[in-house]
file data35.pdb (PDB, C-alpha atoms, pLDDT in the B column)
ATOM      1  CA  MET Q 271     205.964 123.579  35.573  1.00 54.00           C
ATOM      2  CA  ALA Q 272     203.141 121.050  35.772  1.00 54.00           C
ATOM      3  CA  LEU Q 273     202.528 118.930  32.688  1.00 53.00           C
ATOM      4  CA  LYS Q 274     199.613 116.827  31.566  1.00 57.00           C
ATOM      5  CA  PRO Q 275     200.381 113.132  31.077  1.00 43.00           C
ATOM      6  CA  GLU Q 276     202.337 112.658  27.854  1.00 46.00           C
ATOM      7  CA  PRO Q 277     200.051 111.791  24.910  1.00 44.00           C
ATOM      8  CA  THR Q 278     200.424 108.400  23.315  1.00 38.00           C
ATOM      9  CA  ALA Q 279     200.834 108.321  19.584  1.00 40.00           C
ATOM     10  CA  PRO Q 280     201.887 110.537  17.380  1.00 40.00           C
ATOM     11  CA  PHE Q 281     205.574 110.452  18.368  1.00 46.00           C
ATOM     12  CA  HIS Q 282     206.253 106.937  19.556  1.00 54.00           C
ATOM     13  CA  SER Q 283     208.232 106.566  16.315  1.00 68.00           C
ATOM     14  CA  VAL Q 284     210.812 108.965  17.771  1.00 74.00           C
ATOM     15  CA  GLN Q 285     211.368 106.633  20.720  1.00 77.00           C
ATOM     16  CA  TYR Q 286     211.854 103.793  18.254  1.00 83.00           C
ATOM     17  CA  ALA Q 287     214.232 105.937  16.176  1.00 83.00           C
ATOM     18  CA  LEU Q 288     216.356 106.610  19.256  1.00 83.00           C
ATOM     19  CA  ARG Q 289     216.444 102.869  19.906  1.00 85.00           C
ATOM     20  CA  VAL Q 290     217.622 102.268  16.324  1.00 87.00           C
ATOM     21  CA  LEU Q 291     220.330 104.935  16.644  1.00 85.00           C
ATOM     22  CA  GLU Q 292     221.569 103.410  19.892  1.00 86.00           C
ATOM     23  CA  THR Q 293     221.798  99.997  18.203  1.00 89.00           C
ATOM     24  CA  ILE Q 294     223.697 101.327  15.174  1.00 88.00           C
ATOM     25  CA  SER Q 295     226.097 103.316  17.367  1.00 85.00           C
ATOM     26  CA  ARG Q 296     227.080 100.102  19.180  1.00 88.00           C
ATOM     27  CA  HIS Q 297     228.286  98.610  15.880  1.00 88.00           C
ATOM     28  CA  SER Q 298     231.097 100.887  14.687  1.00 81.00           C
ATOM     29  CA  GLY Q 299     231.747  98.660  11.676  1.00 86.00           C
ATOM     30  CA  GLY Q 300     228.140  98.765  10.510  1.00 91.00           C
ATOM     31  CA  VAL Q 301     225.073  96.627  11.155  1.00 91.00           C
ATOM     32  CA  THR Q 302     222.441  95.142   8.837  1.00 91.00           C
ATOM     33  CA  ASP Q 303     218.740  95.879   9.032  1.00 92.00           C
ATOM     34  CA  VAL Q 304     218.163  92.236   9.983  1.00 91.00           C
ATOM     35  CA  GLN Q 305     220.435  92.606  13.004  1.00 92.00           C
ATOM     36  CA  ILE Q 306     218.871  95.975  13.910  1.00 92.00           C
ATOM     37  CA  ALA Q 307     215.411  94.378  13.813  1.00 91.00           C
ATOM     38  CA  ARG Q 308     216.649  91.523  16.010  1.00 91.00           C
ATOM     39  CA  GLU Q 309     218.206  93.822  18.615  1.00 92.00           C
ATOM     40  CA  THR Q 310     215.396  96.393  18.729  1.00 90.00           C
ATOM     41  CA  GLY Q 311     212.471  94.037  18.320  1.00 90.00           C
ATOM     42  CA  LEU Q 312     210.899  96.345  15.728  1.00 88.00           C
ATOM     43  CA  PRO Q 313     208.808  94.885  12.874  1.00 85.00           C
ATOM     44  CA  THR Q 314     210.566  95.014   9.490  1.00 82.00           C
ATOM     45  CA  GLY Q 315     207.982  97.362   7.942  1.00 82.00           C
ATOM     46  CA  HIS Q 316     208.248  99.881  10.761  1.00 84.00           C
ATOM     47  CA  LEU Q 317     212.028  99.648  10.778  1.00 89.00           C
ATOM     48  CA  THR Q 318     212.225 100.280   7.036  1.00 90.00           C
ATOM     49  CA  SER Q 319     210.332 103.571   7.303  1.00 86.00           C
ATOM     50  CA  LEU Q 320     212.452 104.656  10.282  1.00 87.00           C
ATOM     51  CA  LEU Q 321     215.695 103.914   8.468  1.00 90.00           C
ATOM     52  CA  LEU Q 322     214.487 105.899   5.448  1.00 88.00           C
ATOM     53  CA  MET Q 323     213.737 108.894   7.677  1.00 85.00           C
ATOM     54  CA  LEU Q 324     217.073 108.597   9.497  1.00 87.00           C
ATOM     55  CA  ARG Q 325     218.958 108.388   6.183  1.00 88.00           C
ATOM     56  CA  ARG Q 326     217.080 111.390   4.786  1.00 85.00           C
ATOM     57  CA  GLU Q 327     217.971 113.430   7.866  1.00 81.00           C
ATOM     58  CA  GLY Q 328     221.619 112.353   7.723  1.00 82.00           C
ATOM     59  CA  TYR Q 329     221.578 110.529  11.057  1.00 84.00           C
ATOM     60  CA  VAL Q 330     222.571 107.201   9.488  1.00 87.00           C
ATOM     61  CA  GLU Q 331     224.261 106.148   6.263  1.00 90.00           C
ATOM     62  CA  GLN Q 332     224.187 102.921   4.291  1.00 90.00           C
ATOM     63  CA  VAL Q 333     227.606 101.665   3.216  1.00 89.00           C
ATOM     64  CA  ALA Q 334     228.587  99.522   0.241  1.00 79.00           C
ATOM     65  CA  ASP Q 335     227.635  96.176   1.758  1.00 83.00           C
ATOM     66  CA  GLY Q 336     224.186  97.465   2.783  1.00 87.00           C
ATOM     67  CA  ALA Q 337     225.067  97.841   6.455  1.00 92.00           C
ATOM     68  CA  TYR Q 338     224.100 100.968   8.395  1.00 91.00           C
ATOM     69  CA  VAL Q 339     226.526 103.287  10.188  1.00 89.00           C
ATOM     70  CA  ILE Q 340     226.131 106.562  12.073  1.00 83.00           C
ATOM     71  CA  GLY Q 341     225.804 109.517   9.676  1.00 83.00           C
ATOM     72  CA  ASP Q 342     227.430 112.926   9.566  1.00 75.00           C
ATOM     73  CA  SER Q 343     224.502 114.740  11.196  1.00 71.00           C
ATOM     74  CA  LEU Q 344     224.794 112.637  14.333  1.00 68.00           C
ATOM     75  CA  VAL Q 345     228.588 112.875  14.396  1.00 66.00           C
ATOM     76  CA  LEU Q 346     228.288 116.669  14.368  1.00 60.00           C
ATOM     77  CA  LEU Q 347     226.153 116.550  17.490  1.00 57.00           C
ATOM     78  CA  GLY Q 348     229.147 116.300  19.776  1.00 56.00           C
ATOM     79  CA  SER Q 349     228.914 118.324  22.958  1.00 51.00           C
ATOM     80  CA  GLY Q 350     228.863 121.876  24.273  1.00 52.00           C
ATOM     81  CA  VAL Q 351     228.590 124.860  21.948  1.00 49.00           C
ATOM     82  CA  THR Q 352     229.408 122.790  18.862  1.00 66.00           C
ATOM     83  CA  ARG Q 353     226.549 120.432  19.577  1.00 63.00           C
ATOM     84  CA  ARG Q 354     224.096 123.275  20.183  1.00 71.00           C
ATOM     85  CA  GLU Q 355     225.074 125.059  16.987  1.00 77.00           C
ATOM     86  CA  ALA Q 356     224.881 121.832  14.971  1.00 74.00           C
ATOM     87  CA  LEU Q 357     221.436 121.108  16.383  1.00 77.00           C
ATOM     88  CA  GLU Q 358     220.190 124.609  15.583  1.00 81.00           C
ATOM     89  CA  ARG Q 359     221.511 124.332  12.023  1.00 83.00           C
ATOM     90  CA  LYS Q 360     219.847 120.950  11.609  1.00 81.00           C
ATOM     91  CA  LEU Q 361     216.533 122.257  12.889  1.00 86.00           C
ATOM     92  CA  GLN Q 362     216.775 125.331  10.661  1.00 90.00           C
ATOM     93  CA  GLU Q 363     217.364 123.146   7.610  1.00 88.00           C
ATOM     94  CA  THR Q 364     214.354 121.027   8.524  1.00 89.00           C
ATOM     95  CA  LEU Q 365     212.162 124.099   9.073  1.00 93.00           C
ATOM     96  CA  SER Q 366     213.206 125.558   5.710  1.00 95.00           C
ATOM     97  CA  GLU Q 367     212.314 122.299   3.980  1.00 92.00           C
ATOM     98  CA  LEU Q 368     208.934 122.243   5.727  1.00 94.00           C
ATOM     99  CA  ARG Q 369     208.313 125.899   4.804  1.00 97.00           C
ATOM    100  CA  ASP Q 370     208.911 125.126   1.137  1.00 96.00           C
ATOM    101  CA  SER Q 371     206.829 121.955   1.336  1.00 95.00           C
ATOM    102  CA  VAL Q 372     203.709 123.557   2.853  1.00 96.00           C
ATOM    103  CA  GLY Q 373     204.117 127.052   1.384  1.00 97.00           C
ATOM    104  CA  ALA Q 374     203.838 128.788   4.751  1.00 97.00           C
ATOM    105  CA  ALA Q 375     206.034 130.313   7.425  1.00 97.00           C
ATOM    106  CA  VAL Q 376     206.875 127.616   9.994  1.00 97.00           C
ATOM    107  CA  TYR Q 377     207.778 128.014  13.674  1.00 97.00           C
ATOM    108  CA  ILE Q 378     209.075 125.967  16.591  1.00 95.00           C
ATOM    109  CA  SER Q 379     207.726 127.227  19.893  1.00 95.00           C
ATOM    110  CA  ARG Q 380     208.744 126.004  23.374  1.00 93.00           C
ATOM    111  CA  TYR Q 381     207.405 126.625  26.861  1.00 94.00           C
ATOM    112  CA  ILE Q 382     210.544 127.595  28.766  1.00 93.00           C
ATOM    113  CA  ASP Q 383     210.655 128.870  32.354  1.00 93.00           C
ATOM    114  CA  GLY Q 384     206.939 129.574  32.299  1.00 93.00           C
ATOM    115  CA  GLU Q 385     206.989 131.571  29.066  1.00 95.00           C
ATOM    116  CA  VAL Q 386     205.928 131.030  25.449  1.00 96.00           C
ATOM    117  CA  LYS Q 387     208.990 131.411  23.232  1.00 96.00           C
ATOM    118  CA  ILE Q 388     209.417 131.118  19.469  1.00 96.00           C
ATOM    119  CA  THR Q 389     212.823 129.448  19.390  1.00 94.00           C
ATOM    120  CA  GLN Q 390     213.215 129.115  15.606  1.00 94.00           C
ATOM    121  CA  PHE Q 391     211.279 129.919  12.454  1.00 96.00           C
ATOM    122  CA  ALA Q 392     211.592 129.831   8.686  1.00 97.00           C
ATOM    123  CA  ASP Q 393     209.889 132.450   6.529  1.00 97.00           C
ATOM    124  CA  GLY Q 394     210.481 134.019   3.114  1.00 95.00           C
ATOM    125  CA  PRO Q 395     209.258 136.642   0.641  1.00 94.00           C
ATOM    126  CA  ARG Q 396     206.277 134.457  -0.330  1.00 94.00           C
ATOM    127  CA  THR Q 397     205.781 133.038   3.156  1.00 96.00           C
ATOM    128  CA  PRO Q 398     205.829 136.020   5.533  1.00 95.00           C
ATOM    129  CA  LYS Q 399     205.925 135.409   9.276  1.00 95.00           C
ATOM    130  CA  VAL Q 400     203.296 136.705  11.659  1.00 95.00           C
ATOM    131  CA  ASN Q 401     203.579 140.358  12.631  1.00 94.00           C
ATOM    132  CA  GLU Q 402     204.165 140.079  16.387  1.00 95.00           C
ATOM    133  CA  TRP Q 403     202.070 143.108  17.231  1.00 96.00           C
ATOM    134  CA  VAL Q 404     201.492 141.761  20.761  1.00 96.00           C
ATOM    135  CA  ASP Q 405     204.303 139.880  22.533  1.00 96.00           C
ATOM    136  CA  PHE Q 406     203.632 136.146  22.126  1.00 96.00           C
ATOM    137  CA  ARG Q 407     204.425 135.704  25.825  1.00 95.00           C
ATOM    138  CA  SER Q 408     201.294 137.726  26.625  1.00 96.00           C
ATOM    139  CA  ALA Q 409     199.063 136.149  23.988  1.00 97.00           C
ATOM    140  CA  ALA Q 410     199.053 132.422  24.757  1.00 97.00           C
ATOM    141  CA  HIS Q 411     195.256 132.490  25.086  1.00 97.00           C
ATOM    142  CA  ALA Q 412     194.872 133.762  21.514  1.00 97.00           C
ATOM    143  CA  SER Q 413     197.713 132.371  19.403  1.00 97.00           C
ATOM    144  CA  ALA Q 414     197.823 128.837  18.009  1.00 97.00           C
ATOM    145  CA  VAL Q 415     201.295 128.232  19.455  1.00 97.00           C
ATOM    146  CA  GLY Q 416     200.239 129.510  22.861  1.00 97.00           C
ATOM    147  CA  LYS Q 417     197.071 127.440  23.010  1.00 97.00           C
ATOM    148  CA  CYS Q 418     198.933 124.346  21.828  1.00 96.00           C
ATOM    149  CA  LEU Q 419     201.492 124.806  24.608  1.00 96.00           C
ATOM    150  CA  LEU Q 420     198.757 125.413  27.186  1.00 96.00           C
ATOM    151  CA  THR Q 421     197.019 122.154  26.190  1.00 95.00           C
ATOM    152  CA  GLN Q 422     200.167 120.358  27.349  1.00 92.00           C
ATOM    153  CA  LEU Q 423     199.999 121.893  30.838  1.00 93.00           C
ATOM    154  CA  ASP Q 424     197.672 120.759  33.610  1.00 92.00           C
ATOM    155  CA  GLN Q 425     195.034 123.063  35.113  1.00 93.00           C
ATOM    156  CA  ASN Q 426     197.407 124.483  37.723  1.00 94.00           C
ATOM    157  CA  GLY Q 427     200.057 125.175  35.095  1.00 94.00           C
ATOM    158  CA  ARG Q 428     197.532 127.001  32.928  1.00 96.00           C
ATOM    159  CA  ARG Q 429     196.176 129.049  35.821  1.00 95.00           C
ATOM    160  CA  ASP Q 430     199.693 129.997  36.846  1.00 96.00           C
ATOM    161  CA  HIS Q 431     200.420 131.198  33.316  1.00 97.00           C
ATOM    162  CA  LEU Q 432     197.229 133.242  33.037  1.00 96.00           C
ATOM    163  CA  ALA Q 433     197.775 134.712  36.496  1.00 96.00           C
ATOM    164  CA  ARG Q 434     201.004 136.191  35.143  1.00 96.00           C
ATOM    165  CA  HIS Q 435     199.610 137.033  31.679  1.00 97.00           C
ATOM    166  CA  LYS Q 436     196.055 138.313  31.953  1.00 95.00           C
ATOM    167  CA  ILE Q 437     193.621 137.429  29.168  1.00 96.00           C
ATOM    168  CA  ALA Q 438     193.064 140.399  26.849  1.00 96.00           C
ATOM    169  CA  ARG Q 439     190.857 140.845  23.791  1.00 97.00           C
ATOM    170  CA  LEU Q 440     193.160 141.146  20.766  1.00 98.00           C
ATOM    171  CA  THR Q 441     190.517 140.794  18.047  1.00 97.00           C
ATOM    172  CA  SER Q 442     186.762 140.270  17.975  1.00 97.00           C
ATOM    173  CA  ARG Q 443     187.435 136.496  17.824  1.00 97.00           C
ATOM    174  CA  THR Q 444     189.675 136.276  20.913  1.00 98.00           C
ATOM    175  CA  ILE Q 445     188.362 134.073  23.730  1.00 97.00           C
ATOM    176  CA  THR Q 446     188.454 136.180  26.887  1.00 96.00           C
ATOM    177  CA  ASN Q 447     186.600 133.853  29.274  1.00 96.00           C
ATOM    178  CA  GLU Q 448     189.002 131.569  31.163  1.00 95.00           C
ATOM    179  CA  LYS Q 449     186.375 128.855  31.709  1.00 95.00           C
ATOM    180  CA  ILE Q 450     185.535 128.695  27.997  1.00 97.00           C
ATOM    181  CA  LEU Q 451     189.227 128.736  27.082  1.00 97.00           C
ATOM    182  CA  PHE Q 452     190.031 125.851  29.455  1.00 96.00           C
ATOM    183  CA  SER Q 453     187.034 123.905  28.175  1.00 96.00           C
ATOM    184  CA  LYS Q 454     188.288 124.225  24.602  1.00 96.00           C
ATOM    185  CA  LEU Q 455     191.816 123.255  25.627  1.00 96.00           C
ATOM    186  CA  ASP Q 456     190.522 120.160  27.447  1.00 95.00           C
ATOM    187  CA  ALA Q 457     188.453 119.140  24.412  1.00 95.00           C
ATOM    188  CA  GLN Q 458     191.421 119.461  22.036  1.00 93.00           C
ATOM    189  CA  PRO Q 459     192.459 116.003  20.729  1.00 89.00           C
ATOM    190  CA  PRO Q 460     196.279 115.644  20.945  1.00 81.00           C
ATOM    191  CA  THR Q 461     196.530 114.548  17.297  1.00 80.00           C
ATOM    192  CA  VAL Q 462     194.421 117.408  15.875  1.00 88.00           C
ATOM    193  CA  PRO Q 463     196.038 120.798  15.104  1.00 93.00           C
ATOM    194  CA  VAL Q 464     195.140 123.722  17.354  1.00 96.00           C
ATOM    195  CA  LEU Q 465     193.783 126.598  15.243  1.00 95.00           C
ATOM    196  CA  ASP Q 466     193.955 130.385  15.503  1.00 97.00           C
ATOM    197  CA  LEU Q 467     191.508 131.879  13.027  1.00 97.00           C
ATOM    198  CA  GLN Q 468     192.248 135.594  13.441  1.00 97.00           C
ATOM    199  CA  GLU Q 469     192.180 135.340  17.241  1.00 98.00           C
ATOM    200  CA  TYR Q 470     195.661 136.813  17.611  1.00 98.00           C
ATOM    201  CA  ALA Q 471     195.755 139.156  14.615  1.00 97.00           C
ATOM    202  CA  VAL Q 472     193.272 140.221  11.963  1.00 96.00           C
ATOM    203  CA  GLY Q 473     194.378 138.991   8.560  1.00 96.00           C
ATOM    204  CA  THR Q 474     196.395 135.972   9.786  1.00 97.00           C
ATOM    205  CA  VAL Q 475     195.502 132.358  10.510  1.00 97.00           C
ATOM    206  CA  CYS Q 476     197.735 129.847  12.286  1.00 98.00           C
ATOM    207  CA  ALA Q 477     197.755 126.244  13.430  1.00 97.00           C
ATOM    208  CA  ALA Q 478     199.989 124.265  15.785  1.00 96.00           C
ATOM    209  CA  VAL Q 479     200.750 120.622  16.479  1.00 93.00           C
ATOM    210  CA  PRO Q 480     202.436 119.411  19.687  1.00 91.00           C
ATOM    211  CA  LEU Q 481     206.072 118.328  19.797  1.00 87.00           C
ATOM    212  CA  THR Q 482     206.474 115.777  22.554  1.00 73.00           C
ATOM    213  CA  ALA Q 483     210.116 115.196  23.478  1.00 64.00           C
ATOM    214  CA  GLY Q 484     210.441 113.875  27.004  1.00 62.00           C
ATOM    215  CA  SER Q 485     209.339 116.473  29.552  1.00 66.00           C
ATOM    216  CA  SER Q 486     209.728 119.306  27.045  1.00 75.00           C
ATOM    217  CA  VAL Q 487     206.624 121.241  25.987  1.00 85.00           C
ATOM    218  CA  GLY Q 488     206.748 122.460  22.405  1.00 90.00           C
ATOM    219  CA  CYS Q 489     204.886 122.785  19.138  1.00 93.00           C
ATOM    220  CA  LEU Q 490     205.363 123.131  15.395  1.00 94.00           C
ATOM    221  CA  ALA Q 491     203.224 125.716  13.628  1.00 97.00           C
ATOM    222  CA  PRO Q 492     202.449 127.203  10.190  1.00 97.00           C
ATOM    223  CA  SER Q 493     200.953 130.655   9.593  1.00 98.00           C
ATOM    224  CA  LEU Q 494     199.215 132.042   6.509  1.00 97.00           C
ATOM    225  CA  PRO Q 495     197.594 135.293   5.385  1.00 96.00           C
ATOM    226  CA  ILE Q 496     193.805 135.125   5.618  1.00 96.00           C
ATOM    227  CA  GLU Q 497     193.461 134.867   1.824  1.00 96.00           C
ATOM    228  CA  HIS Q 498     195.205 131.472   2.043  1.00 96.00           C
ATOM    229  CA  ALA Q 499     193.160 130.223   4.986  1.00 96.00           C
ATOM    230  CA  HIS Q 500     191.824 127.365   2.879  1.00 96.00           C
ATOM    231  CA  ARG Q 501     195.350 125.851   2.906  1.00 97.00           C
ATOM    232  CA  LEU Q 502     195.831 125.996   6.683  1.00 97.00           C
ATOM    233  CA  ARG Q 503     194.429 122.584   7.601  1.00 94.00           C
ATOM    234  CA  ALA Q 504     196.416 120.782   4.904  1.00 95.00           C
ATOM    235  CA  ALA Q 505     199.598 122.604   5.937  1.00 96.00           C
ATOM    236  CA  ALA Q 506     199.072 121.657   9.588  1.00 94.00           C
ATOM    237  CA  ASP Q 507     198.319 118.033   8.711  1.00 92.00           C
ATOM    238  CA  THR Q 508     201.531 117.868   6.664  1.00 92.00           C
ATOM    239  CA  LEU Q 509     203.555 119.245   9.572  1.00 91.00           C
ATOM    240  CA  ASN Q 510     201.892 116.732  11.896  1.00 88.00           C
ATOM    241  CA  ARG Q 511     202.924 113.859   9.624  1.00 84.00           C
ATOM    242  CA  ARG Q 512     206.463 115.174   9.184  1.00 84.00           C
ATOM    243  CA  ALA Q 513     207.132 116.312  12.759  1.00 84.00           C
ATOM    244  CA  ALA Q 514     209.162 113.235  13.739  1.00 80.00           C
ATOM    245  CA  PRO Q 515     212.552 114.602  12.501  1.00 79.00           C
ATOM    246  CA  VAL Q 516     211.968 117.805  14.500  1.00 82.00           C
ATOM    247  CA  VAL Q 517     211.091 115.884  17.651  1.00 78.00           C
ATOM    248  CA  LEU Q 518     214.087 113.619  17.117  1.00 79.00           C
ATOM    249  CA  SER Q 519     216.420 116.625  16.871  1.00 75.00           C
ATOM    250  CA  LEU Q 520     214.959 118.030  20.088  1.00 74.00           C
ATOM    251  CA  ALA Q 521     215.332 114.670  21.830  1.00 71.00           C
ATOM    252  CA  LEU Q 522     218.988 114.085  20.887  1.00 67.00           C
TER     253      LEU Q 522
END

call {"tool": "encode", "arguments": {"input": "data35.pdb", "output": "structure tokens"}}
result
Amino acid sequence: MALKPEPTAPFHSVQYALRVLETISRHSGGVTDVQIARETGLPTGHLTSLLLMLRREGYVEQVADGAYVIGDSLVLLGSGVTRREALERKLQETLSELRDSVGAAVYISRYIDGEVKITQFADGPRTPKVNEWVDFRSAAHASAVGKCLLTQLDQNGRRDHLARHKIARLTSRTITNEKILFSKLDAQPPTVPVLDLQEYAVGTVCAAVPLTAGSSVGCLAPSLPIEHAHRLRAAADTLNRRAAPVVLSLAL
């Protein structure tokens, strides 16, 4: 699978978070924020926000003397099946919190072995998930998750995908011209959500933001019924701001 060069921002904080976790793990008896800043070289302000996020997610804990130690969430990520199950539970908890925060069904999608796959999602009675009336693997050109994943591939990777999954008109808004589709994908800023305004299904709008974790291609996406379309951009922007814990879980 051919990838585009990894975008710069929005997830450099995850790299810094991994650096912080490595530093804390080296000090089994605990380590102060001053020592963490010294060993990682991170500015105090940046470090403070990272430590807050890591505490909230359960990856680190602060003990009585103010020092930081590895938290229960990280301890649970051992190895093998146990690690995989713990990671899935952690991601599911995060998705459920995001669903409640934005008031929309939320999905993690990955590009695995040349296919678009929804690996996890969180929905509910008031936040219904998308009706998958056409297999998402065949609808990358129309769905927000598919287009977001395609933006992270290079031209050859995209052409390979569309050679195996021919472009089809799913609604009157679906882009069916490969040249126009590629042009829109190339013009998509990496920090701006990819939108699907009834291109995949009439009555549903979606958005997606990229999840950059090493060489992995993924995205985080909300979906809403068309009557709530006015909330889509705000929901996507919220997910973009709060994607770091998801990326961190995928990177661990």

call {"tool": "resolve_selection", "arguments": {"input": "data35.pdb", "expression": "the PyMOL selection byres ((chain Q and resi 434-441) around 8)", "output": "ChimeraX atom specification"}}
result
/Q:407-409,411-412,430-433,442-448,468-472

call {"tool": "residues_around", "arguments": {"input": "data35.pdb", "residues": "stretch 419-421 of chain Q", "least_positions_apart": "2", "cutoff": "7 Å", "atoms": "all atoms listed in the file", "output": "list in words"}}
result
Tyr381, Val415, Gly416, Lys417, Leu423, Arg428, Leu455, Asp456, Val487, Gly488 and Cys489 of chain Q

call {"tool": "atom_distance", "arguments": {"input": "data35.pdb", "atom1": "atom CA of Q:Ile382", "atom2": "atom CA of Q:Ala410"}}
result
13.1 Å

call {"tool": "atom_distance", "arguments": {"input": "data35.pdb", "atom1": "atom CA of Q:Asp466", "atom2": "atom CA of Q:Leu502"}}
result
10.0 Å

call {"tool": "closest_residue", "arguments": {"input": "data35.pdb", "among": "Q:Gln305, Q:Leu312, Q:Arg501, Q:Phe391", "to": "Q:Ser366", "atoms": "all atoms listed in the file"}}
result
Q:Phe391

call {"tool": "closest_residue", "arguments": {"input": "data35.pdb", "among": "Q:Leu520, Q:Lys360, Q:Ala414, Q:Leu317", "to": "Q:Val386", "atoms": "only C-alpha atoms"}}
result
Q:Ala414
